[in-house]
$ cat protein-v1.tsv   # TSV, C-alpha atoms
chain	number	residue	atom	x	y	z
B	1	MET	CA	1.14	14.23	23.56
B	2	SER	CA	-2.56	13.52	23.78
B	3	ALA	CA	-4.31	11.66	20.98
B	4	ALA	CA	-6.86	13.51	18.84
B	5	VAL	CA	-8.84	10.78	17.09
B	6	ARG	CA	-11.12	10.00	20.03
B	7	GLY	CA	-12.18	13.64	20.35
B	8	LEU	CA	-12.70	13.89	16.59
B	9	ARG	CA	-14.87	10.78	16.68
B	10	THR	CA	-17.03	12.15	19.50
B	11	ALA	CA	-17.45	15.53	17.81
B	12	ALA	CA	-18.25	13.90	14.45
B	13	ILE	CA	-20.91	11.68	16.00
B	14	GLU	CA	-22.58	14.68	17.67
B	15	ARG	CA	-22.57	16.72	14.47
B	16	LEU	CA	-23.85	13.87	12.30
B	17	LYS	CA	-26.63	13.07	14.78
B	18	SER	CA	-27.69	16.70	14.56
B	19	GLU	CA	-27.25	17.37	10.82
B	20	ALA	CA	-27.57	14.05	8.94
B	21	THR	CA	-31.34	14.11	9.32
B	22	ALA	CA	-31.85	11.28	6.84
B	23	VAL	CA	-30.50	8.76	9.41
B	24	ASP	CA	-32.67	10.20	12.20
B	25	GLY	CA	-29.94	10.14	14.87
B	26	ARG	CA	-28.74	6.60	14.10
B	27	VAL	CA	-24.97	7.14	14.20
B	28	TYR	CA	-23.12	4.18	15.70
B	29	THR	CA	-19.71	2.70	16.33
B	30	PRO	CA	-19.11	-1.03	15.90
B	31	PRO	CA	-20.36	-3.54	16.71
B	32	VAL	CA	-23.79	-2.65	15.34
B	33	ASP	CA	-26.79	-4.86	16.06
B	34	GLN	CA	-27.60	-6.74	12.85
B	35	THR	CA	-31.29	-5.95	13.32
B	36	ALA	CA	-30.73	-2.18	13.68
B	37	ALA	CA	-33.22	-0.06	11.73
B	38	LEU	CA	-31.98	1.41	8.44
B	39	PRO	CA	-30.57	3.77	7.38
B	40	TYR	CA	-27.69	4.34	9.78
B	41	LEU	CA	-24.10	5.55	9.85
B	42	VAL	CA	-21.16	3.68	11.41
B	43	ILE	CA	-17.86	5.30	12.34
B	44	GLY	CA	-14.74	3.13	12.63
B	45	SER	CA	-11.35	2.09	11.18
B	46	TYR	CA	-9.47	4.79	13.08
B	47	ALA	CA	-5.95	5.94	12.27
B	48	GLU	CA	-3.69	8.57	13.80
B	49	ARG	CA	-0.07	9.47	13.16
B	50	SER	CA	2.15	12.25	14.43
B	51	SER	CA	2.38	15.32	12.23
B	52	ASP	CA	4.21	18.15	13.92
B	53	HIS	CA	3.86	21.65	12.45
B	54	TYR	CA	6.80	24.00	12.93
B	55	GLY	CA	7.69	22.34	16.23
B	56	VAL	CA	4.11	22.21	17.55
B	57	PRO	CA	3.05	18.61	18.25
B	58	GLY	CA	0.09	17.47	16.19
B	59	SER	CA	-1.59	14.62	14.40
B	60	ARG	CA	-3.16	13.51	11.16
B	61	SER	CA	-6.21	11.48	12.16
B	62	GLY	CA	-8.94	9.75	10.27
B	63	PHE	CA	-11.79	7.28	10.32
B	64	ASP	CA	-14.25	5.65	7.96
B	65	ILE	CA	-17.90	6.68	7.84
B	66	ARG	CA	-20.14	3.95	6.46
B	67	ALA	CA	-23.80	4.41	5.56
B	68	VAL	CA	-26.16	1.43	5.33
B	69	VAL	CA	-29.34	2.18	3.37
B	70	ARG	CA	-32.23	0.11	2.06
B	71	LEU	CA	-33.18	1.15	-1.49
B	72	ALA	CA	-36.50	0.49	-3.19
B	73	HIS	CA	-36.61	2.62	-6.36
B	74	GLY	CA	-33.24	4.13	-7.29
B	75	ASP	CA	-30.29	5.30	-5.24
B	76	ALA	CA	-31.45	8.84	-4.34
B	77	PRO	CA	-31.68	8.04	-0.58
B	78	LEU	CA	-28.04	6.89	-0.54
B	79	LEU	CA	-26.87	10.08	-2.27
B	80	GLU	CA	-29.01	12.22	0.05
B	81	ILE	CA	-27.16	10.78	3.04
B	82	TRP	CA	-23.80	11.35	1.33
B	83	GLU	CA	-24.72	14.99	0.68
B	84	GLN	CA	-25.72	15.51	4.32
B	85	VAL	CA	-22.52	13.87	5.61
B	86	HIS	CA	-20.48	15.97	3.19
B	87	ALA	CA	-22.23	19.20	4.23
B	88	ALA	CA	-21.70	18.33	7.92
B	89	LEU	CA	-17.98	17.56	7.74
B	90	GLN	CA	-16.25	18.81	4.56
B	91	ASP	CA	-14.13	21.91	5.35
B	92	ARG	CA	-15.90	22.40	8.70
B	93	PRO	CA	-13.35	21.66	11.43
B	94	LEU	CA	-14.71	19.88	14.47
B	95	ALA	CA	-14.25	21.18	18.02
B	96	VAL	CA	-11.94	18.91	20.06
B	97	PRO	CA	-10.99	19.90	23.64
B	98	GLY	CA	-7.26	20.49	23.97
B	99	HIS	CA	-6.65	20.45	20.23
B	100	GLY	CA	-6.74	22.95	17.39
B	101	VAL	CA	-8.38	21.40	14.35
B	102	TYR	CA	-7.18	22.86	11.06
B	103	SER	CA	-8.93	20.88	8.39
B	104	GLY	CA	-11.57	18.26	7.80
B	105	GLU	CA	-11.79	16.48	4.50
B	106	LEU	CA	-14.00	13.72	3.22
B	107	ARG	CA	-13.22	11.31	0.43
B	108	TYR	CA	-15.86	8.99	-1.08
B	109	VAL	CA	-14.23	5.56	-1.18
B	110	ALA	CA	-16.77	3.06	-2.51
B	111	ASP	CA	-20.37	1.91	-2.59
B	112	TYR	CA	-21.53	-1.69	-2.87
B	113	ALA	CA	-24.45	-4.01	-2.20
B	114	GLU	CA	-24.94	-6.15	0.90
B	115	PRO	CA	-24.17	-9.66	-0.44
B	116	THR	CA	-27.14	-11.37	1.25
B	117	ASP	CA	-29.70	-8.64	0.41
B	118	THR	CA	-28.95	-6.53	-2.66
B	119	SER	CA	-31.66	-3.98	-1.81
B	120	VAL	CA	-29.32	-2.83	0.99
B	121	ARG	CA	-26.42	-0.68	-0.11
B	122	HIS	CA	-23.37	0.67	1.70
B	123	PHE	CA	-21.25	3.68	0.95
B	124	VAL	CA	-17.92	4.25	2.66
B	125	ALA	CA	-16.20	7.61	2.98
B	126	ARG	CA	-12.89	8.44	4.65
B	127	TYR	CA	-12.66	11.49	6.92
B	128	GLU	CA	-9.26	13.01	7.74
B	129	ALA	CA	-8.28	15.97	9.87
B	130	LEU	CA	-5.11	17.80	10.85
B	131	THR	CA	-4.81	18.80	14.51
B	132	SER	CA	-2.30	20.28	16.91
B	133	VAL	CA	-2.05	20.11	20.67
B	134	LEU	CA	-3.00	23.39	22.33
B	135	PRO	CA	-0.59	24.65	25.02
V	1	MET	CA	29.47	50.61	-42.59
V	2	ASN	CA	26.87	48.92	-40.50
V	3	ALA	CA	27.70	48.60	-36.84
V	4	THR	CA	25.77	46.99	-34.08
V	5	LEU	CA	25.80	47.34	-30.36
V	6	SER	CA	24.01	44.52	-28.63
V	7	LEU	CA	23.88	42.38	-25.57
V	8	GLU	CA	24.02	38.67	-26.44
V	9	VAL	CA	22.46	36.11	-24.12
V	10	THR	CA	23.17	32.42	-24.73
V	11	GLY	CA	23.21	29.18	-22.83
V	12	ILE	CA	19.48	28.57	-22.40
V	13	ASP	CA	19.81	25.45	-24.58
V	14	GLN	CA	22.46	24.10	-22.21
V	15	ILE	CA	20.12	24.60	-19.28
V	16	CYS	CA	17.37	22.70	-21.13
V	17	ARG	CA	19.74	19.82	-21.91
V	18	GLU	CA	20.82	19.61	-18.26
V	19	LEU	CA	17.21	19.73	-17.03
V	20	SER	CA	16.31	16.97	-19.47
V	21	ARG	CA	19.24	14.84	-18.25
V	22	ARG	CA	18.24	15.33	-14.63
V	23	LEU	CA	14.61	14.56	-15.43
V	24	ASP	CA	15.70	11.26	-16.98
V	25	LEU	CA	17.71	10.54	-13.83
V	26	PHE	CA	14.65	11.30	-11.66
V	27	ARG	CA	12.48	9.10	-13.84
V	28	VAL	CA	14.85	6.13	-13.47
V	29	ASN	CA	15.45	6.55	-9.74
V	30	GLY	CA	11.85	7.47	-9.02
V	31	THR	CA	10.57	4.39	-10.85
V	32	ALA	CA	12.97	2.18	-8.87
V	33	GLU	CA	11.77	3.74	-5.61
V	34	MET	CA	8.13	3.21	-6.59
V	35	ASP	CA	8.80	-0.42	-7.56
V	36	GLN	CA	10.39	-1.11	-4.20
V	37	SER	CA	7.55	0.58	-2.32
V	38	GLY	CA	4.80	-1.06	-4.36
V	39	ILE	CA	6.21	-4.56	-3.99
V	40	GLY	CA	6.62	-3.99	-0.25
V	41	MET	CA	3.01	-2.83	0.02
V	42	MET	CA	1.80	-5.88	-1.90
V	43	GLU	CA	3.63	-8.17	0.52
V	44	GLN	CA	2.25	-6.36	3.56
V	45	VAL	CA	-1.33	-6.51	2.21
V	46	SER	CA	-0.88	-10.22	1.54
V	47	GLU	CA	0.24	-10.79	5.14
V	48	LEU	CA	-2.50	-8.63	6.64
V	49	SER	CA	-5.47	-9.76	4.53
V	50	PRO	CA	-7.92	-12.16	6.23
V	51	TYR	CA	-6.93	-15.79	5.77
V	52	ASP	CA	-9.44	-18.59	5.17
V	53	THR	CA	-8.62	-20.50	1.99
V	54	GLY	CA	-5.65	-18.27	1.26
V	55	PHE	CA	-7.01	-17.25	-2.16
V	56	MET	CA	-7.27	-13.55	-1.31
V	57	SER	CA	-3.86	-13.47	0.34
V	58	SER	CA	-2.17	-15.15	-2.63
V	59	HIS	CA	-3.88	-13.01	-5.29
V	60	VAL	CA	-2.83	-9.52	-4.25
V	61	THR	CA	-1.10	-7.99	-7.25
V	62	TYR	CA	1.33	-5.15	-7.80
V	63	THR	CA	1.02	-3.50	-11.23
V	64	PRO	CA	3.40	-0.71	-12.32
V	65	LEU	CA	1.76	2.04	-14.38
V	66	SER	CA	4.82	3.50	-16.15
V	67	GLY	CA	4.43	4.13	-19.84
V	68	ALA	CA	4.86	6.73	-22.55
V	69	GLY	CA	2.37	9.53	-22.66
V	70	SER	CA	1.82	13.04	-23.89
V	71	GLN	CA	1.71	14.76	-20.52
V	72	GLY	CA	3.92	17.74	-19.82
V	73	TYR	CA	5.55	20.31	-22.07
V	74	GLY	CA	9.04	21.62	-22.90
V	75	PRO	CA	11.72	19.37	-21.41
V	76	PHE	CA	9.06	17.32	-19.59
V	77	ALA	CA	7.04	16.41	-22.69
V	78	GLY	CA	6.39	12.70	-23.02
V	79	ALA	CA	7.13	12.07	-19.32
V	80	GLY	CA	3.99	9.91	-19.15
V	81	THR	CA	2.61	8.34	-16.02
V	82	ILE	CA	4.80	6.73	-13.36
V	83	GLY	CA	2.96	4.92	-10.57
V	84	PHE	CA	1.47	1.64	-9.48
V	85	THR	CA	-1.61	-0.09	-8.17
V	86	VAL	CA	-1.77	-2.70	-5.42
V	87	GLY	CA	-4.91	-4.75	-4.96
V	88	TRP	CA	-7.09	-7.47	-6.39
V	89	HIS	CA	-8.61	-8.03	-9.84
V	90	ALA	CA	-12.19	-9.28	-10.12
V	91	ASP	CA	-11.52	-11.41	-13.20
V	92	GLU	CA	-9.11	-13.64	-11.27
V	93	PHE	CA	-11.78	-14.34	-8.68
V	94	HIS	CA	-14.46	-14.97	-11.28
V	95	ALA	CA	-12.15	-17.29	-13.22
V	96	ALA	CA	-11.73	-19.35	-10.05
V	97	GLY	CA	-15.50	-19.46	-9.50
V	98	HIS	CA	-15.50	-16.97	-6.62
V	99	PRO	CA	-17.47	-13.74	-6.24
V	100	PHE	CA	-15.30	-10.65	-5.96
V	101	TYR	CA	-15.30	-10.40	-2.18
V	102	PRO	CA	-12.20	-8.28	-1.29
V	103	VAL	CA	-14.35	-5.12	-1.15
V	104	LEU	CA	-16.61	-6.83	1.43
V	105	GLN	CA	-13.62	-7.92	3.53
V	106	GLU	CA	-12.02	-4.49	3.29
V	107	LEU	CA	-15.12	-2.40	4.06
V	108	GLY	CA	-17.52	-4.77	5.87
V	109	THR	CA	-21.17	-5.79	5.62
V	110	ILE	CA	-24.12	-5.86	8.01
V	111	HIS	CA	-23.16	-9.36	9.10
V	112	HIS	CA	-19.38	-9.14	9.02
V	113	ALA	CA	-17.16	-6.39	10.41
V	114	ALA	CA	-14.58	-4.86	8.10
V	115	GLN	CA	-11.20	-6.61	8.10
V	116	PRO	CA	-9.18	-4.01	6.18
V	117	SER	CA	-5.71	-4.63	4.83
V	118	LEU	CA	-5.32	-2.30	1.83
V	119	GLY	CA	-6.35	0.85	3.73
V	120	PRO	CA	-4.05	0.36	6.75
V	121	VAL	CA	-1.06	-0.56	4.59
V	122	GLY	CA	-1.64	2.43	2.31
V	123	ARG	CA	-1.97	4.85	5.21
V	124	GLN	CA	1.30	3.65	6.68
V	125	ALA	CA	3.32	3.26	3.48
V	126	LEU	CA	2.26	6.22	1.31
V	127	PRO	CA	3.59	9.00	3.59
V	128	GLU	CA	6.93	7.16	3.67
V	129	LEU	CA	6.91	6.91	-0.12
V	130	GLU	CA	6.19	10.64	-0.35
V	131	LYS	CA	9.27	11.40	1.77
V	132	ASP	CA	11.44	8.97	-0.18
V	133	MET	CA	10.36	10.44	-3.52
V	134	GLY	CA	11.24	13.90	-2.17
V	135	THR	CA	14.73	12.63	-1.39
V	136	VAL	CA	15.04	11.14	-4.89
V	137	MET	CA	13.98	14.47	-6.41
V	138	LEU	CA	16.51	16.45	-4.36
V	139	ARG	CA	19.30	14.10	-5.36
V	140	SER	CA	18.31	14.22	-9.03
V	141	PHE	CA	18.09	18.01	-9.30
V	142	ARG	CA	20.79	19.16	-6.90

$ encode --input "protein-v1.tsv" --output "structure tokens"
Amino acid sequence: MSAAVRGLRTAAIERLKSEATAVDGRVYTPPVDQTAALPYLVIGSYAERSSDHYGVPGSRSGFDIRAVVRLAHGDAPLLEIWEQVHAALQDRPLAVPGHGVYSGELRYVADYAEPTDTSVRHFVARYEALTSVLP
Amino acid sequence: MNATLSLEVTGIDQICRELSRRLDLFRVNGTAEMDQSGIGMMEQVSELSPYDTGFMSSHVTYTPLSGAGSQGYGPFAGAGTIGFTVGWHADEFHAAGHPFYPVLQELGTIHHAAQPSLGPVGRQALPELEKDMGTVMLRSFR
């Protein structure tokens, strides 16, 4: 059975580059250059486990989406990015070759300050999707 | 002479007593299952968490959440909350003179990649717990 998480990752990166305009195309996977311009998104911490549906092979897959944002006056820029990520992925299944994608859900996990520069904040969200292998 | 013709239905109270007994059985067995799972998760997080001084690894805690409450109605009234948390408490770190850094280890910073332990253990253990609790429920109410 073919894995789904790599295709989900690729499709998510394409959609976020197109629709999360606040990061201006800066959607990365680790490692990220420490001097990279802010704000940006990082996709990582992948997980996939088998989840067959009525005998059809499938998976539950997921990954973290982390935003890194520099704030000057208030946290509105951080929330703007969260809203754009949410609008891009929540309940909008991604297209993955060879797989049917039945759901896409986001969960806001945490936000916190960069320890060496508290004007930089991170938020982390977890994306999960249910897929099946197409015949 | 007064006569009556009626259909008498009884036994609902017996059903309620049996449901209540089985709910108590589920509560006891379900709590035991949760304890076992939560302690196992705590041990796995301790093993998986990044090791430098060992403080983070040795301060993972498992805290059961069972207690009386007013949730539910009918035979389930007072069932309360049954659950647990696994993780770290900031006050223990502050008391030892450390900043609360588990969130930085778990989720990462600009300068340090994430080294998660809580997330991976939860993703592996919680589906198993869900199945096991289903089994406990079937056995309690069959």

$ interface_residues --input "protein-v1.tsv" --of "chain V" --to "chain B" --cutoff "8 Å" --atoms "all atoms listed in the file" --output "MDAnalysis selection string"
chainID V and resid 107 109:111 113

$ closest_atom_pairs --input "protein-v1.tsv" --of "stretch 47-79 of chain B" --to "stretch 85-100 of chain B" --cutoff "10 Å" --atoms "all atoms listed in the file" --output "tab-separated table"
residue	atom	partner	partner_atom	distance
B:Gly58	CA	B:His99	CA	8.4
B:Ser59	CA	B:His99	CA	9.7
B:Ile65	CA	B:Val85	CA	8.8
B:Ala67	CA	B:Val85	CA	9.5
B:Leu79	CA	B:Val85	CA	9.8

$ atom_distance --input "protein-v1.tsv" --atom1 "atom CA of V:Pro102" --atom2 "atom CA of V:Ser58"
12.2 Å

$ atom_distance --input "protein-v1.tsv" --atom1 "atom CA of B:Ser61" --atom2 "atom CA of V:Thr31"
29.3 Å

$ residues_around --input "protein-v1.tsv" --residues "stretch 11-25 of chain B" --least-positions-apart "3" --cutoff "6 Å" --atoms "only C-alpha atoms" --output "number ranges by chain"
B: 8, 39-40, 84

$ write_last_selection --input "protein-v1.tsv" --atoms "C-alpha atoms" --output "PDB file, in the coordinates of the input"
ATOM      1  CA  LEU B   8     -12.700  13.890  16.590  1.00  0.00           C
ATOM      2  CA  PRO B  39     -30.570   3.770   7.380  1.00  0.00           C
ATOM      3  CA  TYR B  40     -27.690   4.340   9.780  1.00  0.00           C
ATOM      4  CA  GLN B  84     -25.720  15.510   4.320  1.00  0.00           C
TER       5      GLN B  84
END

$ closest_residue --input "protein-v1.tsv" --among "V:Arg21, V:Glu130, V:Arg123, V:Val136" --to "B:Glu128" --atoms "all atoms listed in the file"
V:Arg123

$ residues_around --input "protein-v1.tsv" --residues "B:Thr29" --least-positions-apart "5" --cutoff "9 Å" --atoms "all atoms listed in the file" --output "list in words"
Leu41, Val42, Ile43 and Gly44 of chain B

$ closest_residue --input "protein-v1.tsv" --among "V:Gly30, V:Trp88, V:Gly119, V:Val9" --to "V:Thr135" --atoms "only C-alpha atoms"
V:Gly30

$ atom_distance --input "protein-v1.tsv" --atom1 "atom CA of B:Val27" --atom2 "atom CA of V:Val103"
22.3 Å

$ residues_near_point --input "protein-v1.tsv" --point "(-2.9, -12.6, 1.3)" --cutoff "8 Å" --atoms "only C-alpha atoms" --output "list in words"
Glu43, Val45, Ser46, Glu47, Leu48, Ser49, Pro50, Tyr51, Gly54, Phe55, Met56, Ser57, Ser58, His59 and Val60 of chain V

$ closest_residue --input "protein-v1.tsv" --among "B:Pro57, B:Arg107, B:Ser119, B:Ala37" --to "B:Asp75" --atoms "all atoms listed in the file"
B:Ser119

$ axis_aligned_box --input "protein-v1.tsv" --around "stretch 3-9 of chain B" --padding-each-side "5 Å" --output "lines of an AutoDock Vina configuration file"
center_x = -9.6
center_y = 11.9
center_z = 18.8
size_x = 20.6
size_y = 13.9
size_z = 14.4

$ closest_residue --input "protein-v1.tsv" --among "V:Gly87, V:Leu7, V:Phe141, V:Asp132" --to "V:Glu106" --atoms "only C-alpha atoms"
V:Gly87

$ closest_residue --input "protein-v1.tsv" --among "V:Leu118, V:Met34, V:Leu104, V:Met42" --to "V:Gly134" --atoms "only C-alpha atoms"
V:Met34

$ closest_residue --input "protein-v1.tsv" --among "V:Arg139, V:Arg22, V:Ala125, V:Glu33" --to "V:Gly83" --atoms "all atoms listed in the file"
V:Glu33

$ decode --input "protein-v1.tsv" --residues "stretch 88-99 of chain B" --atoms "C-alpha atoms" --output "tab-separated table (two decimals), in the first residue's frame"
chain	number	residue	atom	x	y	z
B	88	ALA	CA	-6.65	27.01	3.06
B	89	LEU	CA	-6.82	23.61	4.77
B	90	GLN	CA	-9.78	23.18	7.15
B	91	ASP	CA	-12.44	20.93	5.55
B	92	ARG	CA	-10.86	21.34	2.09
B	93	PRO	CA	-9.40	17.96	1.13
B	94	LEU	CA	-6.12	18.10	-0.75
B	95	ALA	CA	-5.57	16.37	-4.09
B	96	VAL	CA	-3.10	13.46	-3.79
B	97	PRO	CA	-2.37	11.26	-6.84
B	98	GLY	CA	-3.45	7.67	-6.25
B	99	HIS	CA	-5.37	8.48	-3.09
